[in-house]
Amino acid sequence: ITKENSNYTSYSYPYYVNDTTFFAVKNSINDIQRFVLINAKGREKTIFSPGYISEESVNVADNRVFWIERKPDPRWANQEFSLLRIYNLRSGKLFEKRFKDKIYAPSLSFDRQYLSFVRVDDKNDFFILIVSPDNGKIIKEVPTPQNLLFIAPTWAEKDNILYSVVLGSKGKSLVKFDPFSNKMSLLLPFSHNDLNRPVQKDKYLYFNSSQSGIDNVYALNLIENKTYQVTSSRFGT
């Protein structure tokens, strides 16, 4: 739906906002990075200009944009901290909270009660951090099982569980993880296929995978434990 640009332009992190509006992060060769809203006719409205965004760290839900920025420490040149920023699309208000360790991959639960991240400390240990999406107050923090690196975890439609890609010594896998009991279930065997962005809808878990040699969208039936290819894009999805 976006219009052609004379200069190189790319869009990332597309999210559905409502029936007529989409959110995206816009990058252009002749402009700084922008957050934009795009209507059904392709018309764009710039709503915010973020700082340096951490990888896999933009999420849109409940008419709010959640993202993490990397900021240099004002005293120590080789040290950084993470800044959680929440922009309300309705009111235009901005909330910020600083974290001394690296955090990334914000995800809002479907009941709007929890905002989760992955946290990495200075010893390279990994944690799931859960905070209030309203004030950033820490609700719970748990170490990841086997110190696996969780990549882009997202909340299930029901129950307070997370689906995530994990990275370990044997490659990547998909897991189901309950951060309140610290119980984890492996959904796919570990492999060296690229996996990313799991999203659960009804009985299916959708995710990107390179298992055919080209990135495409797949669906895992969570009841039958069978995987189906959803898209067949020539150049990847």
# chains A, B, ... in the order shown; residues from 1 in each chain; ligands from 1
call {"tool": "residues_around", "arguments": {"residues": "A:Asn147", "least_positions_apart": "5", "cutoff": "10 Å", "atoms": "only C-alpha atoms", "output": "list in words"}}
result
Asn124, Asp125, Phe126, Phe127, Val166, Leu167 and Gly168 of chain A
call {"tool": "write_last_selection", "arguments": {"atoms": "N, CA, C and O atoms", "output": "JSON list (two decimals), in the first residue's frame"}}
result
[["chain", "number", "residue", "atom", "x", "y", "z"],
["A", 124, "ASN", "N", 26.79, -12.43, 30.79],
["A", 124, "ASN", "CA", 26.16, -13.08, 29.63],
["A", 124, "ASN", "C", 25.16, -14.16, 30.05],
["A", 124, "ASN", "O", 24.99, -15.17, 29.36],
["A", 125, "ASP", "N", 24.49, -13.91, 31.17],
["A", 125, "ASP", "CA", 23.38, -14.76, 31.60],
["A", 125, "ASP", "C", 22.08, -14.12, 31.13],
["A", 125, "ASP", "O", 21.95, -12.89, 31.11],
["A", 126, "PHE", "N", 21.11, -14.98, 30.77],
["A", 126, "PHE", "CA", 19.88, -14.50, 30.17],
["A", 126, "PHE", "C", 18.69, -14.68, 31.12],
["A", 126, "PHE", "O", 18.59, -15.69, 31.83],
["A", 127, "PHE", "N", 17.77, -13.71, 31.09],
["A", 127, "PHE", "CA", 16.60, -13.71, 31.96],
["A", 127, "PHE", "C", 15.38, -13.25, 31.18],
["A", 127, "PHE", "O", 15.49, -12.50, 30.21],
["A", 166, "VAL", "N", 14.56, -20.06, 20.54],
["A", 166, "VAL", "CA", 15.69, -20.10, 21.46],
["A", 166, "VAL", "C", 16.94, -20.54, 20.70],
["A", 166, "VAL", "O", 16.86, -21.30, 19.74],
["A", 167, "LEU", "N", 18.06, -20.04, 21.15],
["A", 167, "LEU", "CA", 19.34, -20.39, 20.55],
["A", 167, "LEU", "C", 20.23, -21.04, 21.59],
["A", 167, "LEU", "O", 20.43, -20.51, 22.68],
["A", 168, "GLY", "N", 20.74, -22.25, 21.24],
["A", 168, "GLY", "CA", 21.63, -22.97, 22.13],
["A", 168, "GLY", "C", 22.80, -23.56, 21.35],
["A", 168, "GLY", "O", 23.01, -23.23, 20.17]]
call {"tool": "residues_around", "arguments": {"residues": "A:Phe22", "least_positions_apart": "4", "cutoff": "10 Å", "atoms": "only C-alpha atoms", "output": "list of chain:residue names"}}
result
A:Ile1, A:Pro14, A:Tyr15, A:Tyr16, A:Val17, A:Asn18, A:Val36, A:Leu37, A:Ile38, A:Asn39, A:Ala40, A:Gly42, A:Glu44
call {"tool": "select_by_dssp", "arguments": {"residues": "stretch 2-176 of chain A", "states": "strand (DSSP E)", "output": "short mmCIF file (atom, residue, chain, number, x, y, z; two decimals) with N, CA, C and O atoms, in the first residue's frame"}}
result
data_model
loop_
_atom_site.label_atom_id
_atom_site.label_comp_id
_atom_site.auth_asym_id
_atom_site.auth_seq_id
_atom_site.Cartn_x
_atom_site.Cartn_y
_atom_site.Cartn_z
N THR A 9 14.04 3.44 0.13
CA THR A 9 13.24 3.48 1.36
C THR A 9 12.85 2.06 1.74
O THR A 9 12.48 1.25 0.87
N SER A 10 12.95 1.75 3.01
CA SER A 10 12.53 0.43 3.48
C SER A 10 11.63 0.60 4.70
O SER A 10 11.73 1.58 5.44
N TYR A 11 10.75 -0.39 4.89
CA TYR A 11 9.84 -0.40 6.03
C TYR A 11 10.04 -1.70 6.81
O TYR A 11 10.16 -2.77 6.22
N SER A 12 10.07 -1.59 8.11
CA SER A 12 10.22 -2.77 8.96
C SER A 12 9.24 -2.70 10.13
O SER A 12 8.63 -1.66 10.37
N TYR A 13 9.10 -3.80 10.84
CA TYR A 13 8.20 -3.90 11.99
C TYR A 13 6.77 -3.44 11.66
O TYR A 13 6.20 -2.59 12.34
N PRO A 14 6.16 -3.99 10.59
CA PRO A 14 4.78 -3.60 10.29
C PRO A 14 3.81 -4.18 11.32
O PRO A 14 3.91 -5.36 11.67
N TYR A 15 2.89 -3.37 11.79
CA TYR A 15 1.88 -3.81 12.75
C TYR A 15 0.53 -3.24 12.36
O TYR A 15 0.42 -2.09 11.93
N TYR A 16 -0.48 -4.06 12.56
CA TYR A 16 -1.87 -3.64 12.35
C TYR A 16 -2.29 -2.81 13.56
O TYR A 16 -2.18 -3.26 14.70
N VAL A 17 -2.79 -1.59 13.32
CA VAL A 17 -3.27 -0.73 14.40
C VAL A 17 -4.79 -0.78 14.49
O VAL A 17 -5.36 -0.98 15.55
N ASN A 18 -5.45 -0.57 13.35
CA ASN A 18 -6.91 -0.70 13.27
C ASN A 18 -7.28 -1.04 11.83
O ASN A 18 -6.41 -1.32 11.01
N THR A 21 -5.43 1.50 9.46
CA THR A 21 -4.11 2.06 9.77
C THR A 21 -3.09 0.98 10.11
O THR A 21 -3.40 0.04 10.84
N PHE A 22 -1.89 1.15 9.58
CA PHE A 22 -0.76 0.28 9.90
C PHE A 22 0.39 1.12 10.45
O PHE A 22 0.55 2.29 10.09
N PHE A 23 1.18 0.50 11.32
CA PHE A 23 2.39 1.12 11.85
C PHE A 23 3.60 0.50 11.18
O PHE A 23 3.60 -0.69 10.85
N ALA A 24 4.66 1.30 10.99
CA ALA A 24 5.92 0.76 10.48
C ALA A 24 7.07 1.67 10.89
O ALA A 24 6.88 2.85 11.21
N VAL A 25 8.26 1.09 10.89
CA VAL A 25 9.48 1.87 11.07
C VAL A 25 10.03 2.14 9.67
O VAL A 25 10.29 1.21 8.91
N LYS A 26 10.20 3.42 9.34
CA LYS A 26 10.63 3.81 8.00
C LYS A 26 12.09 4.23 8.01
O LYS A 26 12.53 5.05 8.82
N ASN A 27 12.86 3.64 7.10
CA ASN A 27 14.26 4.01 6.91
C ASN A 27 14.45 4.50 5.49
O ASN A 27 14.00 3.87 4.54
N SER A 28 15.12 5.63 5.35
CA SER A 28 15.34 6.21 4.04
C SER A 28 16.76 6.72 3.92
O SER A 28 17.37 7.12 4.92
N ASP A 31 16.92 10.49 4.95
CA ASP A 31 16.22 10.94 6.16
C ASP A 31 16.59 10.04 7.32
O ASP A 31 17.06 8.91 7.13
N ILE A 32 16.35 10.50 8.54
CA ILE A 32 16.59 9.68 9.72
C ILE A 32 15.45 8.68 9.89
O ILE A 32 14.41 8.78 9.23
N GLN A 33 15.63 7.73 10.78
CA GLN A 33 14.61 6.71 11.03
C GLN A 33 13.36 7.36 11.64
O GLN A 33 13.45 8.21 12.51
N ARG A 34 12.21 6.93 11.16
CA ARG A 34 10.94 7.48 11.63
C ARG A 34 9.95 6.37 11.97
O ARG A 34 9.96 5.30 11.35
N PHE A 35 9.06 6.65 12.92
CA PHE A 35 7.87 5.84 13.13
C PHE A 35 6.75 6.49 12.31
O PHE A 35 6.52 7.70 12.42
N VAL A 36 6.07 5.69 11.49
CA VAL A 36 5.01 6.24 10.65
C VAL A 36 3.73 5.42 10.78
O VAL A 36 3.77 4.21 11.07
N LEU A 37 2.62 6.09 10.58
CA LEU A 37 1.32 5.44 10.43
C LEU A 37 0.93 5.54 8.96
O LEU A 37 1.08 6.60 8.34
N ILE A 38 0.44 4.44 8.39
CA ILE A 38 0.10 4.39 6.97
C ILE A 38 -1.37 4.00 6.84
O ILE A 38 -1.80 2.98 7.41
N ASN A 39 -2.14 4.81 6.11
CA ASN A 39 -3.55 4.46 5.95
C ASN A 39 -3.75 3.59 4.72
O ASN A 39 -2.79 3.26 4.00
N GLU A 44 1.14 8.57 4.49
CA GLU A 44 1.94 8.38 5.70
C GLU A 44 1.86 9.59 6.62
O GLU A 44 1.76 10.73 6.17
N LYS A 45 1.95 9.30 7.91
CA LYS A 45 2.02 10.35 8.92
C LYS A 45 3.15 9.99 9.87
O LYS A 45 3.14 8.93 10.50
N THR A 46 4.14 10.85 9.98
CA THR A 46 5.24 10.62 10.92
C THR A 46 4.77 10.95 12.32
O THR A 46 4.21 12.03 12.57
N ILE A 47 4.99 10.01 13.25
CA ILE A 47 4.52 10.22 14.62
C ILE A 47 5.66 10.36 15.62
O ILE A 47 5.49 10.94 16.70
N PHE A 48 6.87 9.85 15.26
CA PHE A 48 7.98 9.94 16.20
C PHE A 48 9.29 9.62 15.49
O PHE A 48 9.29 8.86 14.51
N ILE A 53 17.69 2.06 17.90
CA ILE A 53 16.84 0.97 18.38
C ILE A 53 17.62 -0.33 18.45
O ILE A 53 18.33 -0.70 17.51
N SER A 54 17.48 -1.04 19.56
CA SER A 54 18.09 -2.35 19.69
C SER A 54 17.43 -3.33 18.73
O SER A 54 16.26 -3.17 18.36
N GLU A 55 18.16 -4.36 18.33
CA GLU A 55 17.64 -5.34 17.38
C GLU A 55 16.44 -6.08 17.95
O GLU A 55 16.40 -6.43 19.12
N GLU A 56 15.43 -6.33 17.11
CA GLU A 56 14.19 -7.03 17.49
C GLU A 56 13.54 -6.38 18.71
O GLU A 56 13.12 -7.06 19.65
N SER A 57 13.43 -5.06 18.69
CA SER A 57 12.96 -4.38 19.90
C SER A 57 11.87 -3.35 19.66
O SER A 57 11.82 -2.31 20.30
N VAL A 58 10.96 -3.64 18.71
CA VAL A 58 9.79 -2.79 18.49
C VAL A 58 8.55 -3.66 18.54
O VAL A 58 8.50 -4.73 17.91
N ASN A 59 7.55 -3.20 19.29
CA ASN A 59 6.29 -3.94 19.39
C ASN A 59 5.15 -2.93 19.49
O ASN A 59 5.30 -1.90 20.14
N VAL A 60 4.04 -3.24 18.83
CA VAL A 60 2.87 -2.36 18.87
C VAL A 60 1.66 -3.17 19.31
O VAL A 60 1.35 -4.22 18.74
N ALA A 61 0.99 -2.69 20.35
CA ALA A 61 -0.21 -3.35 20.86
C ALA A 61 -0.98 -2.36 21.74
O ALA A 61 -0.38 -1.48 22.35
N ARG A 64 -0.31 1.36 21.66
CA ARG A 64 0.95 1.84 22.20
C ARG A 64 2.10 1.22 21.42
O ARG A 64 2.02 0.08 20.98
N VAL A 65 3.16 2.01 21.27
CA VAL A 65 4.38 1.52 20.64
C VAL A 65 5.41 1.31 21.75
O VAL A 65 5.71 2.24 22.51
N PHE A 66 5.94 0.09 21.84
CA PHE A 66 6.96 -0.25 22.84
C PHE A 66 8.27 -0.49 22.10
O PHE A 66 8.31 -1.25 21.14
N TRP A 67 9.33 0.15 22.56
CA TRP A 67 10.62 -0.12 21.93
C TRP A 67 11.76 0.14 22.91
O TRP A 67 11.60 0.79 23.93
N ILE A 68 12.93 -0.43 22.56
CA ILE A 68 14.13 -0.31 23.39
C ILE A 68 15.20 0.42 22.60
O ILE A 68 15.47 0.08 21.44
N GLU A 69 15.81 1.40 23.22
CA GLU A 69 16.92 2.11 22.60
C GLU A 69 18.21 1.86 23.38
O GLU A 69 18.17 1.69 24.60
N ARG A 70 19.31 1.80 22.66
CA ARG A 70 20.63 1.68 23.28
C ARG A 70 21.21 3.07 23.47
O ARG A 70 21.25 3.87 22.54
N LYS A 71 21.63 3.35 24.71
CA LYS A 71 22.16 4.67 25.03
C LYS A 71 23.56 4.54 25.64
O LYS A 71 23.78 3.66 26.48
N PRO A 72 24.50 5.40 25.24
CA PRO A 72 25.83 5.36 25.86
C PRO A 72 25.79 5.91 27.28
O PRO A 72 25.04 6.84 27.58
N GLU A 80 27.00 0.80 27.92
CA GLU A 80 25.70 1.26 27.44
C GLU A 80 24.62 0.88 28.44
O GLU A 80 24.78 -0.02 29.26
N PHE A 81 23.49 1.58 28.36
CA PHE A 81 22.32 1.15 29.11
C PHE A 81 21.14 1.09 28.14
O PHE A 81 21.22 1.56 27.00
N SER A 82 20.05 0.47 28.58
CA SER A 82 18.86 0.33 27.74
C SER A 82 17.77 1.28 28.21
O SER A 82 17.56 1.45 29.42
N LEU A 83 17.09 1.87 27.27
CA LEU A 83 16.00 2.79 27.58
C LEU A 83 14.71 2.25 27.00
O LEU A 83 14.55 2.13 25.79
N LEU A 84 13.78 1.88 27.89
CA LEU A 84 12.44 1.48 27.47
C LEU A 84 11.63 2.75 27.19
O LEU A 84 11.57 3.66 28.01
N ARG A 85 11.02 2.79 26.02
CA ARG A 85 10.18 3.93 25.65
C ARG A 85 8.82 3.41 25.20
O ARG A 85 8.73 2.42 24.46
N ILE A 86 7.77 4.06 25.68
CA ILE A 86 6.40 3.67 25.33
C ILE A 86 5.66 4.92 24.85
O ILE A 86 5.54 5.90 25.58
N TYR A 87 5.21 4.86 23.60
CA TYR A 87 4.51 6.00 23.00
C TYR A 87 3.04 5.65 22.83
O TYR A 87 2.69 4.63 22.21
N ASN A 88 2.17 6.48 23.40
CA ASN A 88 0.72 6.26 23.31
C ASN A 88 0.21 6.90 22.02
O ASN A 88 0.30 8.11 21.84
N LEU A 94 4.61 10.14 26.06
CA LEU A 94 5.77 9.25 26.01
C LEU A 94 6.21 8.90 27.42
O LEU A 94 6.39 9.77 28.27
N PHE A 95 6.39 7.58 27.68
CA PHE A 95 6.89 7.10 28.97
C PHE A 95 8.27 6.49 28.75
O PHE A 95 8.51 5.80 27.75
N GLU A 96 9.19 6.72 29.69
CA GLU A 96 10.55 6.19 29.58
C GLU A 96 11.00 5.60 30.91
O GLU A 96 10.65 6.09 31.97
N LYS A 97 11.79 4.52 30.81
CA LYS A 97 12.43 3.95 31.99
C LYS A 97 13.78 3.38 31.59
O LYS A 97 13.90 2.67 30.60
N ARG A 98 14.79 3.65 32.40
CA ARG A 98 16.16 3.22 32.12
C ARG A 98 16.47 1.90 32.82
O ARG A 98 16.07 1.69 33.97
N PHE A 99 17.19 1.02 32.13
CA PHE A 99 17.66 -0.24 32.69
C PHE A 99 19.17 -0.31 32.50
O PHE A 99 19.68 -0.03 31.41
N LYS A 102 21.39 -4.80 29.36
CA LYS A 102 20.78 -4.84 28.04
C LYS A 102 19.45 -5.56 28.11
O LYS A 102 19.34 -6.67 28.64
N ILE A 103 18.40 -4.95 27.60
CA ILE A 103 17.11 -5.60 27.44
C ILE A 103 16.68 -5.45 25.98
O ILE A 103 17.10 -4.52 25.29
N TYR A 104 15.87 -6.38 25.51
CA TYR A 104 15.37 -6.31 24.14
C TYR A 104 14.11 -7.15 24.02
O TYR A 104 13.71 -7.84 24.96
N ALA A 105 13.46 -7.09 22.86
CA ALA A 105 12.28 -7.90 22.52
C ALA A 105 11.10 -7.66 23.45
O ALA A 105 10.61 -8.57 24.11
N PRO A 106 10.56 -6.42 23.51
CA PRO A 106 9.36 -6.18 24.33
C PRO A 106 8.14 -6.87 23.73
O PRO A 106 7.98 -6.94 22.51
N SER A 107 7.29 -7.41 24.60
CA SER A 107 6.06 -8.06 24.15
C SER A 107 4.98 -7.85 25.20
O SER A 107 5.18 -8.14 26.38
N LEU A 108 3.83 -7.35 24.77
CA LEU A 108 2.70 -7.09 25.67
C LEU A 108 1.76 -8.30 25.67
O LEU A 108 1.39 -8.80 24.61
N LEU A 115 4.32 -6.78 30.48
CA LEU A 115 5.22 -6.44 29.39
C LEU A 115 6.52 -7.19 29.65
O LEU A 115 7.14 -7.01 30.71
N SER A 116 6.90 -8.05 28.72
CA SER A 116 8.08 -8.89 28.93
C SER A 116 9.24 -8.45 28.05
O SER A 116 9.04 -7.83 27.00
N PHE A 117 10.46 -8.77 28.51
CA PHE A 117 11.68 -8.53 27.76
C PHE A 117 12.63 -9.70 27.98
O PHE A 117 12.43 -10.52 28.89
N VAL A 118 13.67 -9.73 27.20
CA VAL A 118 14.83 -10.56 27.51
C VAL A 118 15.90 -9.63 28.09
O VAL A 118 16.15 -8.56 27.55
N ARG A 119 16.49 -10.04 29.21
CA ARG A 119 17.56 -9.25 29.82
C ARG A 119 18.87 -10.03 29.79
O ARG A 119 18.86 -11.25 30.00
N VAL A 120 19.97 -9.36 29.50
CA VAL A 120 21.30 -9.96 29.46
C VAL A 120 22.18 -9.20 30.45
O VAL A 120 22.30 -7.97 30.34
N PHE A 126 21.11 -14.98 30.77
CA PHE A 126 19.88 -14.50 30.17
C PHE A 126 18.69 -14.68 31.12
O PHE A 126 18.59 -15.69 31.83
N PHE A 127 17.77 -13.71 31.09
CA PHE A 127 16.60 -13.71 31.96
C PHE A 127 15.38 -13.25 31.18
O PHE A 127 15.49 -12.50 30.21
N ILE A 128 14.21 -13.72 31.63
CA ILE A 128 12.95 -13.14 31.17
C ILE A 128 12.51 -12.16 32.25
O ILE A 128 12.33 -12.52 33.41
N LEU A 129 12.35 -10.91 31.85
CA LEU A 129 11.96 -9.84 32.77
C LEU A 129 10.54 -9.42 32.43
O LEU A 129 10.21 -9.17 31.28
N ILE A 130 9.69 -9.35 33.47
CA ILE A 130 8.29 -8.96 33.29
C ILE A 130 8.02 -7.72 34.12
O ILE A 130 8.30 -7.70 35.32
N VAL A 131 7.49 -6.69 33.47
CA VAL A 131 7.21 -5.43 34.16
C VAL A 131 5.77 -5.01 33.88
O VAL A 131 5.10 -5.56 32.99
N ILE A 138 8.92 -3.65 38.09
CA ILE A 138 9.25 -5.07 37.88
C ILE A 138 8.28 -5.96 38.64
O ILE A 138 8.06 -5.80 39.84
N ILE A 139 7.68 -6.92 37.91
CA ILE A 139 6.75 -7.87 38.49
C ILE A 139 7.43 -9.20 38.78
O ILE A 139 7.25 -9.79 39.85
N LYS A 140 8.24 -9.66 37.83
CA LYS A 140 8.92 -10.95 38.00
C LYS A 140 10.12 -11.02 37.07
O LYS A 140 10.11 -10.41 36.00
N GLU A 141 11.13 -11.78 37.50
CA GLU A 141 12.28 -12.05 36.66
C GLU A 141 12.74 -13.48 36.90
O GLU A 141 12.85 -13.90 38.05
N VAL A 142 12.98 -14.21 35.81
CA VAL A 142 13.41 -15.60 35.94
C VAL A 142 14.55 -15.86 34.97
O VAL A 142 14.56 -15.32 33.86
N PRO A 143 15.55 -16.67 35.37
CA PRO A 143 16.60 -17.05 34.43
C PRO A 143 16.03 -17.98 33.36
O PRO A 143 15.11 -18.76 33.63
N LEU A 149 19.38 -18.53 24.93
CA LEU A 149 19.10 -17.19 24.45
C LEU A 149 17.71 -17.18 23.81
O LEU A 149 17.47 -17.85 22.81
N PHE A 150 16.78 -16.45 24.42
CA PHE A 150 15.43 -16.31 23.89
C PHE A 150 15.42 -15.18 22.87
O PHE A 150 15.94 -14.09 23.13
N ILE A 151 14.85 -15.44 21.68
CA ILE A 151 14.79 -14.48 20.59
C ILE A 151 13.33 -14.16 20.29
O ILE A 151 12.57 -15.03 19.91
N ALA A 152 12.95 -12.91 20.49
CA ALA A 152 11.60 -12.42 20.14
C ALA A 152 10.47 -13.26 20.75
O ALA A 152 9.59 -13.74 20.03
N PRO A 153 10.46 -13.47 22.07
CA PRO A 153 9.34 -14.19 22.69
C PRO A 153 8.05 -13.38 22.60
O PRO A 153 8.07 -12.15 22.69
N THR A 154 6.93 -14.08 22.40
CA THR A 154 5.62 -13.43 22.33
C THR A 154 4.64 -14.19 23.22
O THR A 154 4.78 -15.40 23.43
N TRP A 155 3.65 -13.48 23.72
CA TRP A 155 2.67 -14.08 24.63
C TRP A 155 1.62 -14.89 23.88
O TRP A 155 1.24 -14.54 22.76
N LEU A 162 4.71 -17.92 27.21
CA LEU A 162 5.42 -17.30 26.10
C LEU A 162 5.81 -18.36 25.07
O LEU A 162 6.15 -19.49 25.44
N TYR A 163 5.75 -17.98 23.81
CA TYR A 163 6.33 -18.77 22.73
C TYR A 163 7.56 -18.03 22.23
O TYR A 163 7.53 -16.81 22.05
N SER A 164 8.63 -18.78 22.01
CA SER A 164 9.86 -18.09 21.62
C SER A 164 10.77 -18.99 20.78
O SER A 164 10.75 -20.21 20.91
N VAL A 165 11.56 -18.34 19.94
CA VAL A 165 12.72 -19.00 19.34
C VAL A 165 13.82 -18.97 20.39
O VAL A 165 14.00 -17.97 21.09
N VAL A 166 14.56 -20.06 20.54
CA VAL A 166 15.69 -20.10 21.46
C VAL A 166 16.94 -20.54 20.70
O VAL A 166 16.86 -21.30 19.74
N LEU A 167 18.06 -20.04 21.15
CA LEU A 167 19.34 -20.39 20.55
C LEU A 167 20.23 -21.04 21.59
O LEU A 167 20.43 -20.51 22.68
N GLY A 168 20.74 -22.25 21.24
CA GLY A 168 21.63 -22.97 22.13
C GLY A 168 22.80 -23.56 21.35
O GLY A 168 23.01 -23.23 20.17
N GLY A 171 21.86 -25.21 17.99
CA GLY A 171 21.14 -24.43 16.99
C GLY A 171 19.91 -23.77 17.58
O GLY A 171 19.87 -23.44 18.77
N LYS A 172 18.88 -23.60 16.74
CA LYS A 172 17.66 -22.92 17.15
C LYS A 172 16.49 -23.89 17.28
O LYS A 172 16.44 -24.92 16.62
N SER A 173 15.55 -23.51 18.13
CA SER A 173 14.33 -24.29 18.29
C SER A 173 13.20 -23.35 18.68
O SER A 173 13.41 -22.17 18.96
N LEU A 174 11.98 -23.88 18.68
CA LEU A 174 10.81 -23.18 19.19
C LEU A 174 10.41 -23.79 20.51
O LEU A 174 10.38 -25.03 20.65
N VAL A 175 10.07 -22.95 21.50
CA VAL A 175 9.69 -23.46 22.80
C VAL A 175 8.43 -22.78 23.31
O VAL A 175 8.07 -21.68 22.87
N LYS A 176 7.79 -23.46 24.24
CA LYS A 176 6.68 -22.91 25.02
C LYS A 176 7.20 -22.75 26.44
O LYS A 176 7.71 -23.70 27.03
#
